[in-house]
$ cat coords_12.csv   # CSV, N, CA and C atoms
chain,number,residue,atom,x,y,z
A,176,MET,N,82.9,-40.3,78.5
A,176,MET,CA,83.8,-41.2,79.2
A,176,MET,C,85.2,-41.0,78.6
A,177,LYS,N,85.3,-40.9,77.3
A,177,LYS,CA,86.6,-40.7,76.7
A,177,LYS,C,87.3,-39.4,77.2
A,178,GLY,N,86.5,-38.3,77.2
A,178,GLY,CA,87.0,-37.0,77.7
A,178,GLY,C,87.5,-37.1,79.1
A,179,ALA,N,86.7,-37.8,80.0
A,179,ALA,CA,87.1,-37.9,81.4
A,179,ALA,C,88.4,-38.6,81.5
A,180,ARG,N,88.6,-39.7,80.7
A,180,ARG,CA,89.8,-40.5,80.7
A,180,ARG,C,91.0,-39.7,80.3
A,181,GLU,N,90.8,-38.9,79.2
A,181,GLU,CA,91.9,-38.1,78.7
A,181,GLU,C,92.3,-37.0,79.7
A,182,ALA,N,91.3,-36.4,80.3
A,182,ALA,CA,91.6,-35.3,81.4
A,182,ALA,C,92.3,-35.9,82.5
A,183,TRP,N,92.0,-37.2,82.9
A,183,TRP,CA,92.7,-37.8,84.0
A,183,TRP,C,94.1,-38.1,83.6
A,184,PHE,N,94.4,-38.5,82.4
A,184,PHE,CA,95.8,-38.8,82.0
A,184,PHE,C,96.6,-37.5,81.9
A,185,GLU,N,95.9,-36.4,81.5
A,185,GLU,CA,96.6,-35.1,81.4
A,185,GLU,C,97.0,-34.6,82.8
A,186,ARG,N,96.0,-34.7,83.8
A,186,ARG,CA,96.3,-34.2,85.1
A,186,ARG,C,97.4,-35.0,85.8
A,187,GLN,N,97.6,-36.3,85.4
A,187,GLN,CA,98.6,-37.1,86.1
A,187,GLN,C,100.0,-36.4,86.0
A,188,LEU,N,100.3,-35.7,85.0
A,188,LEU,CA,101.6,-35.1,84.8
A,188,LEU,C,102.0,-34.1,85.9
A,189,VAL,N,101.0,-33.4,86.5
A,189,VAL,CA,101.3,-32.4,87.5
A,189,VAL,C,101.3,-33.0,88.9
A,190,PHE,N,101.0,-34.2,89.1
A,190,PHE,CA,101.0,-34.8,90.5
A,190,PHE,C,102.4,-35.2,90.9
A,191,ASP,N,102.7,-34.9,92.1
A,191,ASP,CA,104.0,-35.3,92.7
A,191,ASP,C,103.8,-36.8,93.2
A,192,PRO,N,104.5,-37.8,92.7
A,192,PRO,CA,104.3,-39.2,93.1
A,192,PRO,C,104.5,-39.4,94.6
A,193,GLU,N,105.3,-38.6,95.2
A,193,GLU,CA,105.4,-38.7,96.7
A,193,GLU,C,104.2,-38.3,97.5
A,194,LYS,N,103.3,-37.6,96.8
A,194,LYS,CA,102.1,-37.1,97.5
A,194,LYS,C,100.8,-37.9,97.2
A,195,LEU,N,100.9,-38.8,96.3
A,195,LEU,CA,99.7,-39.6,95.9
A,195,LEU,C,99.4,-40.7,96.9
A,196,VAL,N,98.2,-40.8,97.3
A,196,VAL,CA,97.7,-41.9,98.2
A,196,VAL,C,96.5,-42.6,97.5
A,197,PHE,N,96.7,-43.9,97.1
A,197,PHE,CA,95.7,-44.6,96.4
A,197,PHE,C,94.9,-45.4,97.4
A,198,ILE,N,93.6,-45.3,97.5
A,198,ILE,CA,92.8,-46.0,98.5
A,198,ILE,C,92.1,-47.1,97.8
A,199,ASP,N,92.2,-48.3,98.4
A,199,ASP,CA,91.5,-49.5,97.8
A,199,ASP,C,91.1,-50.4,98.9
A,200,GLU,N,90.1,-51.3,98.6
A,200,GLU,CA,89.6,-52.3,99.6
A,200,GLU,C,89.8,-53.7,99.0
A,201,THR,N,89.9,-54.7,99.9
A,201,THR,CA,89.8,-56.1,99.5
A,201,THR,C,89.2,-56.8,100.6
A,202,GLY,N,88.5,-57.9,100.3
A,202,GLY,CA,87.8,-58.6,101.3
A,202,GLY,C,87.9,-60.1,101.1
A,203,ALA,N,87.6,-60.8,102.2
A,203,ALA,CA,87.5,-62.3,102.2
A,203,ALA,C,86.2,-62.7,102.9
A,204,THR,N,85.6,-63.7,102.5
A,204,THR,CA,84.4,-64.2,103.2
A,204,THR,C,84.5,-65.7,103.3
A,205,THR,N,83.8,-66.2,104.4
A,205,THR,CA,83.8,-67.7,104.6
A,205,THR,C,82.9,-68.3,103.6
A,206,LYS,N,82.1,-67.5,102.9
A,206,LYS,CA,81.2,-68.1,101.8
A,206,LYS,C,82.1,-68.6,100.6
A,207,MET,N,83.4,-68.3,100.7
A,207,MET,CA,84.2,-68.6,99.5
A,207,MET,C,84.6,-70.1,99.6
A,208,ALA,N,83.8,-70.9,100.2
A,208,ALA,CA,84.0,-72.4,100.2
A,208,ALA,C,83.8,-73.0,98.8
A,209,ARG,N,84.6,-73.9,98.5
A,209,ARG,CA,84.5,-74.6,97.2
A,209,ARG,C,83.1,-75.3,97.1
A,210,LEU,N,82.5,-75.2,96.0
A,210,LEU,CA,81.2,-75.9,95.7
A,210,LEU,C,81.5,-77.3,95.1
A,211,TYR,N,82.7,-77.4,94.5
A,211,TYR,CA,83.0,-78.7,93.9
A,211,TYR,C,84.4,-79.1,94.3
A,212,GLY,N,84.7,-80.4,94.2
A,212,GLY,CA,86.0,-80.8,94.6
A,212,GLY,C,86.3,-82.1,93.8
A,213,ARG,N,87.5,-82.7,94.0
A,213,ARG,CA,87.9,-83.9,93.3
A,213,ARG,C,88.1,-85.0,94.3
A,214,ALA,N,87.8,-86.2,93.9
A,214,ALA,CA,88.0,-87.4,94.7
A,214,ALA,C,88.2,-88.5,93.7
A,215,PRO,N,88.8,-89.6,94.2
A,215,PRO,CA,89.0,-90.7,93.3
A,215,PRO,C,87.6,-91.2,92.8
A,216,ARG,N,87.5,-91.8,91.6
A,216,ARG,CA,86.3,-92.2,91.1
A,216,ARG,C,85.6,-93.2,92.0
A,217,GLY,N,84.3,-92.8,92.2
A,217,GLY,CA,83.5,-93.7,93.1
A,217,GLY,C,83.5,-93.3,94.6
A,218,GLU,N,84.4,-92.3,94.9
A,218,GLU,CA,84.5,-91.9,96.3
A,218,GLU,C,83.9,-90.5,96.5
A,219,ARG,N,83.4,-90.2,97.6
A,219,ARG,CA,82.8,-88.9,97.9
A,219,ARG,C,83.9,-87.9,98.3
A,220,CYS,N,83.8,-86.7,97.8
A,220,CYS,CA,84.8,-85.7,98.2
A,220,CYS,C,84.3,-85.0,99.5
A,221,ARG,N,85.1,-85.1,100.5
A,221,ARG,CA,84.7,-84.5,101.8
A,221,ARG,C,85.7,-83.4,102.2
A,222,ALA,N,85.1,-82.3,102.6
A,222,ALA,CA,85.9,-81.1,103.0
A,222,ALA,C,85.1,-80.3,104.0
A,223,ALA,N,85.7,-79.7,105.0
A,223,ALA,CA,85.1,-78.9,106.0
A,223,ALA,C,84.8,-77.5,105.4
A,224,VAL,N,83.6,-77.1,105.6
A,224,VAL,CA,83.2,-75.7,105.3
A,224,VAL,C,82.4,-75.1,106.4
A,225,PRO,N,82.4,-73.8,106.6
A,225,PRO,CA,81.7,-73.2,107.7
A,225,PRO,C,80.2,-73.1,107.3
A,226,HIS,N,79.3,-73.7,108.1
A,226,HIS,CA,77.9,-73.7,107.8
A,226,HIS,C,77.2,-72.8,108.8
A,227,GLY,N,76.4,-71.9,108.2
A,227,GLY,CA,75.6,-71.1,109.1
A,227,GLY,C,76.2,-69.9,109.8
A,228,HIS,N,77.5,-69.7,109.7
A,228,HIS,CA,78.1,-68.5,110.3
A,228,HIS,C,79.0,-67.8,109.4
A,229,TRP,N,78.4,-67.2,108.3
A,229,TRP,CA,79.2,-66.6,107.3
A,229,TRP,C,79.8,-65.3,107.9
A,230,LYS,N,81.1,-65.1,107.6
A,230,LYS,CA,81.8,-63.9,108.0
A,230,LYS,C,82.4,-63.2,106.8
A,231,THR,N,82.5,-61.9,106.8
A,231,THR,CA,83.2,-61.1,105.8
A,231,THR,C,84.2,-60.2,106.5
A,232,THR,N,85.4,-60.2,106.0
A,232,THR,CA,86.4,-59.3,106.6
A,232,THR,C,87.0,-58.4,105.4
A,233,THR,N,87.1,-57.1,105.7
A,233,THR,CA,87.5,-56.2,104.7
A,233,THR,C,88.8,-55.4,105.1
A,234,LEU,N,89.7,-55.4,104.2
A,234,LEU,CA,91.0,-54.6,104.5
A,234,LEU,C,90.9,-53.4,103.6
A,235,THR,N,91.0,-52.2,104.2
A,235,THR,CA,91.0,-50.9,103.4
A,235,THR,C,92.4,-50.3,103.8
A,236,ALA,N,93.1,-49.8,102.8
A,236,ALA,CA,94.4,-49.1,103.0
A,236,ALA,C,94.7,-48.2,101.9
A,237,GLY,N,95.6,-47.3,102.2
A,237,GLY,CA,96.1,-46.4,101.2
A,237,GLY,C,97.5,-46.9,100.8
A,238,LEU,N,97.8,-46.7,99.5
A,238,LEU,CA,99.1,-47.1,99.0
A,238,LEU,C,99.9,-45.9,98.6
A,239,ARG,N,101.0,-45.7,99.2
A,239,ARG,CA,101.9,-44.6,98.8
A,239,ARG,C,103.1,-45.2,98.0
A,240,ILE,N,103.9,-44.3,97.5
A,240,ILE,CA,105.1,-44.8,96.8
A,240,ILE,C,106.1,-45.5,97.7
A,241,GLY,N,106.0,-45.2,99.0
A,241,GLY,CA,106.9,-45.8,100.0
A,241,GLY,C,106.2,-47.0,100.7
A,242,GLY,N,105.0,-47.4,100.4
A,242,GLY,CA,104.4,-48.5,101.1
A,242,GLY,C,102.9,-48.2,101.5
A,243,LEU,N,102.4,-49.1,102.4
A,243,LEU,CA,101.0,-48.9,102.9
A,243,LEU,C,100.9,-47.7,103.8
A,244,ALA,N,99.7,-47.1,103.8
A,244,ALA,CA,99.4,-46.0,104.7
A,244,ALA,C,98.0,-46.2,105.1
A,245,ALA,N,97.7,-45.9,106.3
A,245,ALA,CA,96.3,-45.9,106.9
A,245,ALA,C,95.6,-47.2,106.7
A,246,PRO,N,96.1,-48.4,107.1
A,246,PRO,CA,95.4,-49.6,107.0
A,246,PRO,C,94.3,-49.8,108.0
A,247,MET,N,93.2,-50.4,107.7
A,247,MET,CA,92.1,-50.7,108.6
A,247,MET,C,91.5,-52.0,108.2
A,248,ILE,N,91.3,-52.9,109.2
A,248,ILE,CA,90.6,-54.1,109.0
A,248,ILE,C,89.2,-54.0,109.6
A,249,LEU,N,88.2,-54.3,108.8
A,249,LEU,CA,86.8,-54.2,109.2
A,249,LEU,C,86.2,-55.5,109.3
A,250,ASP,N,85.5,-55.8,110.4
A,250,ASP,CA,84.8,-57.1,110.5
A,250,ASP,C,83.4,-56.9,109.9
A,251,GLY,N,83.3,-57.1,108.6
A,251,GLY,CA,82.1,-56.9,107.8
A,251,GLY,C,82.4,-56.2,106.5
A,252,PRO,N,81.4,-56.0,105.6
A,252,PRO,CA,81.7,-55.4,104.4
A,252,PRO,C,81.8,-53.9,104.5
A,253,MET,N,82.5,-53.3,103.5
A,253,MET,CA,82.6,-51.8,103.5
A,253,MET,C,81.3,-51.2,103.1
A,254,ASP,N,80.8,-50.3,103.9
A,254,ASP,CA,79.6,-49.5,103.5
A,254,ASP,C,79.9,-48.0,103.8
A,255,GLY,N,78.9,-47.2,103.6
A,255,GLY,CA,79.1,-45.7,103.7
A,255,GLY,C,79.5,-45.3,105.1
A,256,ALA,N,78.9,-45.8,106.1
A,256,ALA,CA,79.2,-45.5,107.5
A,256,ALA,C,80.6,-45.9,107.8
A,257,ALA,N,81.0,-47.1,107.4
A,257,ALA,CA,82.4,-47.6,107.7
A,257,ALA,C,83.4,-46.8,106.9
A,258,PHE,N,83.1,-46.4,105.7
A,258,PHE,CA,84.0,-45.6,104.9
A,258,PHE,C,84.2,-44.2,105.5
A,259,ARG,N,83.1,-43.5,106.0
A,259,ARG,CA,83.2,-42.2,106.6
A,259,ARG,C,84.1,-42.4,107.9
A,260,ALA,N,83.9,-43.4,108.6
A,260,ALA,CA,84.7,-43.6,109.9
A,260,ALA,C,86.2,-43.9,109.5
A,261,TYR,N,86.4,-44.6,108.4
A,261,TYR,CA,87.8,-44.8,108.0
A,261,TYR,C,88.5,-43.5,107.6
A,262,VAL,N,87.8,-42.7,106.8
A,262,VAL,CA,88.4,-41.4,106.4
A,262,VAL,C,88.7,-40.5,107.6
A,263,ALA,N,87.7,-40.4,108.5
A,263,ALA,CA,87.8,-39.5,109.7
A,263,ALA,C,88.8,-40.0,110.7
A,264,GLN,N,88.8,-41.3,111.0
A,264,GLN,CA,89.6,-41.8,112.1
A,264,GLN,C,91.0,-42.4,111.7
A,265,VAL,N,91.1,-42.8,110.4
A,265,VAL,CA,92.3,-43.5,110.0
A,265,VAL,C,93.1,-42.7,109.0
A,266,LEU,N,92.4,-42.4,107.9
A,266,LEU,CA,93.1,-41.8,106.7
A,266,LEU,C,93.5,-40.3,107.0
A,267,VAL,N,92.6,-39.5,107.4
A,267,VAL,CA,92.9,-38.0,107.6
A,267,VAL,C,94.1,-37.8,108.6
A,268,PRO,N,94.2,-38.5,109.7
A,268,PRO,CA,95.3,-38.3,110.6
A,268,PRO,C,96.7,-38.7,110.0
A,269,GLU,N,96.7,-39.5,109.0
A,269,GLU,CA,98.0,-39.9,108.3
A,269,GLU,C,98.3,-39.0,107.1
A,270,LEU,N,97.4,-38.2,106.7
A,270,LEU,CA,97.7,-37.4,105.5
A,270,LEU,C,98.6,-36.2,105.9
A,271,GLU,N,99.4,-35.8,104.9
A,271,GLU,CA,100.2,-34.7,105.1
A,271,GLU,C,99.8,-33.6,104.1
A,272,SER,N,100.2,-32.4,104.3
A,272,SER,CA,99.9,-31.2,103.5
A,272,SER,C,100.3,-31.5,102.1
A,273,GLY,N,99.4,-31.3,101.1
A,273,GLY,CA,99.6,-31.5,99.7
A,273,GLY,C,99.3,-32.9,99.2
A,274,ASP,N,98.9,-33.8,100.0
A,274,ASP,CA,98.6,-35.1,99.6
A,274,ASP,C,97.4,-35.1,98.7
A,275,VAL,N,97.4,-36.0,97.7
A,275,VAL,CA,96.3,-36.2,96.7
A,275,VAL,C,95.8,-37.6,96.9
A,276,VAL,N,94.5,-37.7,97.3
A,276,VAL,CA,93.9,-39.0,97.5
A,276,VAL,C,93.2,-39.5,96.2
A,277,VAL,N,93.5,-40.7,95.8
A,277,VAL,CA,92.9,-41.3,94.6
A,277,VAL,C,92.2,-42.5,95.0
A,278,MET,N,90.9,-42.6,94.6
A,278,MET,CA,90.1,-43.8,94.9
A,278,MET,C,89.2,-44.2,93.8
A,279,ASP,N,88.8,-45.4,93.8
A,279,ASP,CA,87.9,-45.9,92.7
A,279,ASP,C,86.5,-45.4,93.0
A,280,ASN,N,85.5,-45.9,92.2
A,280,ASN,CA,84.2,-45.4,92.2
A,280,ASN,C,83.2,-46.3,93.0
A,281,LEU,N,83.7,-46.9,94.1
A,281,LEU,CA,82.9,-47.7,94.9
A,281,LEU,C,81.7,-47.0,95.5
A,282,PRO,N,80.5,-47.5,95.5
A,282,PRO,CA,79.3,-46.8,96.0
A,282,PRO,C,79.5,-46.3,97.4
A,283,ALA,N,80.3,-47.0,98.3
A,283,ALA,CA,80.5,-46.6,99.6
A,283,ALA,C,81.3,-45.3,99.7
A,284,HIS,N,82.1,-45.0,98.6
A,284,HIS,CA,82.9,-43.7,98.6
A,284,HIS,C,82.0,-42.5,98.2
A,285,ARG,N,80.8,-42.8,97.7
A,285,ARG,CA,79.9,-41.7,97.3
A,285,ARG,C,78.8,-41.4,98.3
A,286,VAL,N,78.9,-41.9,99.5
A,286,VAL,CA,77.9,-41.7,100.5
A,286,VAL,C,78.0,-40.3,101.0
A,287,ARG,N,76.8,-39.7,101.4
A,287,ARG,CA,76.8,-38.3,101.8
A,287,ARG,C,77.7,-38.1,103.0
A,288,GLY,N,78.6,-37.1,102.9
A,288,GLY,CA,79.5,-36.8,104.0
A,288,GLY,C,80.9,-37.4,103.8
A,289,SER,N,81.1,-38.2,102.8
A,289,SER,CA,82.4,-38.8,102.5
A,289,SER,C,83.1,-37.9,101.5
A,290,PRO,N,84.4,-38.0,101.3
A,290,PRO,CA,85.1,-37.2,100.3
A,290,PRO,C,84.6,-37.4,98.9
A,291,GLY,N,84.1,-38.6,98.6
A,291,GLY,CA,83.6,-38.9,97.3
A,291,GLY,C,82.3,-38.3,96.9
A,292,SER,N,81.5,-37.8,97.9
A,292,SER,CA,80.2,-37.2,97.6
A,292,SER,C,80.3,-35.7,97.6
A,293,SER,N,80.3,-35.1,96.5
A,293,SER,CA,80.3,-33.6,96.4
A,293,SER,C,81.5,-33.1,97.2
A,294,ARG,N,82.6,-33.8,97.3
A,294,ARG,CA,83.8,-33.3,97.9
A,294,ARG,C,83.6,-33.1,99.4
A,295,GLY,N,82.7,-33.9,100.1
A,295,GLY,CA,82.5,-33.9,101.5
A,295,GLY,C,81.8,-32.6,102.0
A,296,ARG,N,80.9,-32.0,101.2
A,296,ARG,CA,80.3,-30.8,101.5
A,296,ARG,C,79.7,-30.8,102.9
A,297,GLY,N,79.8,-29.7,103.7
A,297,GLY,CA,79.3,-29.7,105.0
A,297,GLY,C,80.2,-30.1,106.1
A,298,ARG,N,81.4,-30.4,105.8
A,298,ARG,CA,82.4,-30.8,106.8
A,298,ARG,C,83.2,-29.6,107.2
A,299,ASP,N,83.6,-29.6,108.5
A,299,ASP,CA,84.4,-28.5,109.0
A,299,ASP,C,85.9,-28.6,108.7
A,300,THR,N,86.4,-29.8,108.6
A,300,THR,CA,87.8,-30.0,108.3
A,300,THR,C,88.0,-30.0,106.8
A,301,PRO,N,89.1,-29.3,106.4
A,301,PRO,CA,89.4,-29.2,105.0
A,301,PRO,C,89.9,-30.6,104.5
A,302,LEU,N,89.4,-31.0,103.3
A,302,LEU,CA,89.8,-32.3,102.8
A,302,LEU,C,90.9,-32.1,101.8
A,303,PRO,N,91.7,-33.2,101.7
A,303,PRO,CA,92.8,-33.2,100.7
A,303,PRO,C,92.2,-33.2,99.3
A,304,PRO,N,93.0,-32.8,98.3
A,304,PRO,CA,92.5,-32.9,96.9
A,304,PRO,C,92.1,-34.4,96.7
A,305,LEU,N,91.1,-34.5,95.9
A,305,LEU,CA,90.5,-35.9,95.7
A,305,LEU,C,90.4,-36.1,94.2
A,306,VAL,N,90.7,-37.3,93.8
A,306,VAL,CA,90.6,-37.7,92.4
A,306,VAL,C,89.8,-39.0,92.4
A,307,LEU,N,88.6,-39.0,91.7
A,307,LEU,CA,87.9,-40.3,91.6
A,307,LEU,C,88.3,-40.9,90.2
A,308,ALA,N,89.0,-42.0,90.3
A,308,ALA,CA,89.5,-42.6,89.1
A,308,ALA,C,88.6,-43.6,88.4
A,309,GLY,N,87.4,-43.8,88.9
A,309,GLY,CA,86.5,-44.7,88.3
A,309,GLY,C,85.7,-44.1,87.2
A,310,PHE,N,86.1,-44.4,85.9
A,310,PHE,CA,85.3,-43.9,84.8
A,310,PHE,C,85.1,-44.9,83.8

$ encode --input "coords_12.csv" --output "structure tokens"
Amino acid sequence: MKGAREAWFERQLVFDPEKLVFIDETGATTKMARLYGRAPRGERCRAAVPHGHWKTTTLTAGLRIGGLAAPMILDGPMDGAAFRAYVAQVLVPELESGDVVVMDNLPAHRVRGSPGSSRGRGRDTPLPPLVLAGF
């Protein structure tokens, strides 16, 4: 682990900051309703929460030195199929020659056919240089 971390820090020196694209996801769910609340002593705390129709929304985007790149909102959680679709349909069309994609070690990134799994072996399109920063 220490060796991988040191190699990552040494490789950072050769990257052009203008060419780095950091990929990350964030999500929100309606299950995030509060379980506890405050009310005056002796009174019941009442608040509306969605019952029985839980929803998850995921935002995936690339971050460049100049701002966001390749944003995608997904109605549901990120999984391998959704990540492959994001890479093929949203990310790759926005990449330029020489870009370096940096992403964390999310299991969805390592699904077969995605850039995080054996560098996308078996794909016809050349992939950008990839750095997995999750160590």

$ atom_distance --input "coords_12.csv" --atom1 "atom C of Asn280 of chain A" --atom2 "atom CA of Arg209 of chain A"
28.6 Å

$ closest_residue --input "coords_12.csv" --among "A:Val286, A:Ala245, A:Val277, A:Leu270" --to "Ala257 of chain A" --atoms "only C-alpha atoms"
A:Val286

$ atom_distance --input "coords_12.csv" --atom1 "atom C of Leu234 of chain A" --atom2 "atom N of Gly251 of chain A"
9.8 Å

$ atom_distance --input "coords_12.csv" --atom1 "atom CA of His284 of chain A" --atom2 "atom CA of Lys194 of chain A"
20.3 Å

$ select_by_dssp --input "coords_12.csv" --residues "chain A" --states "alpha helix (DSSP H)" --output "VMD selection string"
chain A and resid 177 to 187 255 to 261 267 to 269

$ write_last_selection --input "coords_12.csv" --atoms "N, CA and C atoms" --output "PDB file, in the coordinates of the input"
ATOM      1  N   LYS A 177      85.300 -40.900  77.300  1.00  0.00           N
ATOM      2  CA  LYS A 177      86.600 -40.700  76.700  1.00  0.00           C
ATOM      3  C   LYS A 177      87.300 -39.400  77.200  1.00  0.00           C
ATOM      4  N   GLY A 178      86.500 -38.300  77.200  1.00  0.00           N
ATOM      5  CA  GLY A 178      87.000 -37.000  77.700  1.00  0.00           C
ATOM      6  C   GLY A 178      87.500 -37.100  79.100  1.00  0.00           C
ATOM      7  N   ALA A 179      86.700 -37.800  80.000  1.00  0.00           N
ATOM      8  CA  ALA A 179      87.100 -37.900  81.400  1.00  0.00           C
ATOM      9  C   ALA A 179      88.400 -38.600  81.500  1.00  0.00           C
ATOM     10  N   ARG A 180      88.600 -39.700  80.700  1.00  0.00           N
ATOM     11  CA  ARG A 180      89.800 -40.500  80.700  1.00  0.00           C
ATOM     12  C   ARG A 180      91.000 -39.700  80.300  1.00  0.00           C
ATOM     13  N   GLU A 181      90.800 -38.900  79.200  1.00  0.00           N
ATOM     14  CA  GLU A 181      91.900 -38.100  78.700  1.00  0.00           C
ATOM     15  C   GLU A 181      92.300 -37.000  79.700  1.00  0.00           C
ATOM     16  N   ALA A 182      91.300 -36.400  80.300  1.00  0.00           N
ATOM     17  CA  ALA A 182      91.600 -35.300  81.400  1.00  0.00           C
ATOM     18  C   ALA A 182      92.300 -35.900  82.500  1.00  0.00           C
ATOM     19  N   TRP A 183      92.000 -37.200  82.900  1.00  0.00           N
ATOM     20  CA  TRP A 183      92.700 -37.800  84.000  1.00  0.00           C
ATOM     21  C   TRP A 183      94.100 -38.100  83.600  1.00  0.00           C
ATOM     22  N   PHE A 184      94.400 -38.500  82.400  1.00  0.00           N
ATOM     23  CA  PHE A 184      95.800 -38.800  82.000  1.00  0.00           C
ATOM     24  C   PHE A 184      96.600 -37.500  81.900  1.00  0.00           C
ATOM     25  N   GLU A 185      95.900 -36.400  81.500  1.00  0.00           N
ATOM     26  CA  GLU A 185      96.600 -35.100  81.400  1.00  0.00           C
ATOM     27  C   GLU A 185      97.000 -34.600  82.800  1.00  0.00           C
ATOM     28  N   ARG A 186      96.000 -34.700  83.800  1.00  0.00           N
ATOM     29  CA  ARG A 186      96.300 -34.200  85.100  1.00  0.00           C
ATOM     30  C   ARG A 186      97.400 -35.000  85.800  1.00  0.00           C
ATOM     31  N   GLN A 187      97.600 -36.300  85.400  1.00  0.00           N
ATOM     32  CA  GLN A 187      98.600 -37.100  86.100  1.00  0.00           C
ATOM     33  C   GLN A 187     100.000 -36.400  86.000  1.00  0.00           C
ATOM     34  N   GLY A 255      78.900 -47.200 103.600  1.00  0.00           N
ATOM     35  CA  GLY A 255      79.100 -45.700 103.700  1.00  0.00           C
ATOM     36  C   GLY A 255      79.500 -45.300 105.100  1.00  0.00           C
ATOM     37  N   ALA A 256      78.900 -45.800 106.100  1.00  0.00           N
ATOM     38  CA  ALA A 256      79.200 -45.500 107.500  1.00  0.00           C
ATOM     39  C   ALA A 256      80.600 -45.900 107.800  1.00  0.00           C
ATOM     40  N   ALA A 257      81.000 -47.100 107.400  1.00  0.00           N
ATOM     41  CA  ALA A 257      82.400 -47.600 107.700  1.00  0.00           C
ATOM     42  C   ALA A 257      83.400 -46.800 106.900  1.00  0.00           C
ATOM     43  N   PHE A 258      83.100 -46.400 105.700  1.00  0.00           N
ATOM     44  CA  PHE A 258      84.000 -45.600 104.900  1.00  0.00           C
ATOM     45  C   PHE A 258      84.200 -44.200 105.500  1.00  0.00           C
ATOM     46  N   ARG A 259      83.100 -43.500 106.000  1.00  0.00           N
ATOM     47  CA  ARG A 259      83.200 -42.200 106.600  1.00  0.00           C
ATOM     48  C   ARG A 259      84.100 -42.400 107.900  1.00  0.00           C
ATOM     49  N   ALA A 260      83.900 -43.400 108.600  1.00  0.00           N
ATOM     50  CA  ALA A 260      84.700 -43.600 109.900  1.00  0.00           C
ATOM     51  C   ALA A 260      86.200 -43.900 109.500  1.00  0.00           C
ATOM     52  N   TYR A 261      86.400 -44.600 108.400  1.00  0.00           N
ATOM     53  CA  TYR A 261      87.800 -44.800 108.000  1.00  0.00           C
ATOM     54  C   TYR A 261      88.500 -43.500 107.600  1.00  0.00           C
ATOM     55  N   VAL A 267      92.600 -39.500 107.400  1.00  0.00           N
ATOM     56  CA  VAL A 267      92.900 -38.000 107.600  1.00  0.00           C
ATOM     57  C   VAL A 267      94.100 -37.800 108.600  1.00  0.00           C
ATOM     58  N   PRO A 268      94.200 -38.500 109.700  1.00  0.00           N
ATOM     59  CA  PRO A 268      95.300 -38.300 110.600  1.00  0.00           C
ATOM     60  C   PRO A 268      96.700 -38.700 110.000  1.00  0.00           C
ATOM     61  N   GLU A 269      96.700 -39.500 109.000  1.00  0.00           N
ATOM     62  CA  GLU A 269      98.000 -39.900 108.300  1.00  0.00           C
ATOM     63  C   GLU A 269      98.300 -39.000 107.100  1.00  0.00           C
TER      64      GLU A 269
END

$ residues_around --input "coords_12.csv" --residues "Ile248 of chain A" --least-positions-apart "4" --cutoff "9 Å" --atoms "only C-alpha atoms" --output "NGL selection string"
:A and (232-236)

$ residues_near_point --input "coords_12.csv" --point "(93.2, -48.9, 92.7)" --cutoff "7 Å" --atoms "all atoms listed in the file" --output "VMD selection string"
chain A and resid 197 to 199 277 to 279

$ closest_residue --input "coords_12.csv" --among "A:Pro282, A:Gly178, A:Gly202, A:Pro192" --to "Pro252 of chain A" --atoms "only C-alpha atoms"
A:Gly202

$ closest_residue --input "coords_12.csv" --among "A:Gly242, A:Lys230, A:Ala283, A:Arg180" --to "Phe258 of chain A" --atoms "only N, CA and C atoms"
A:Ala283
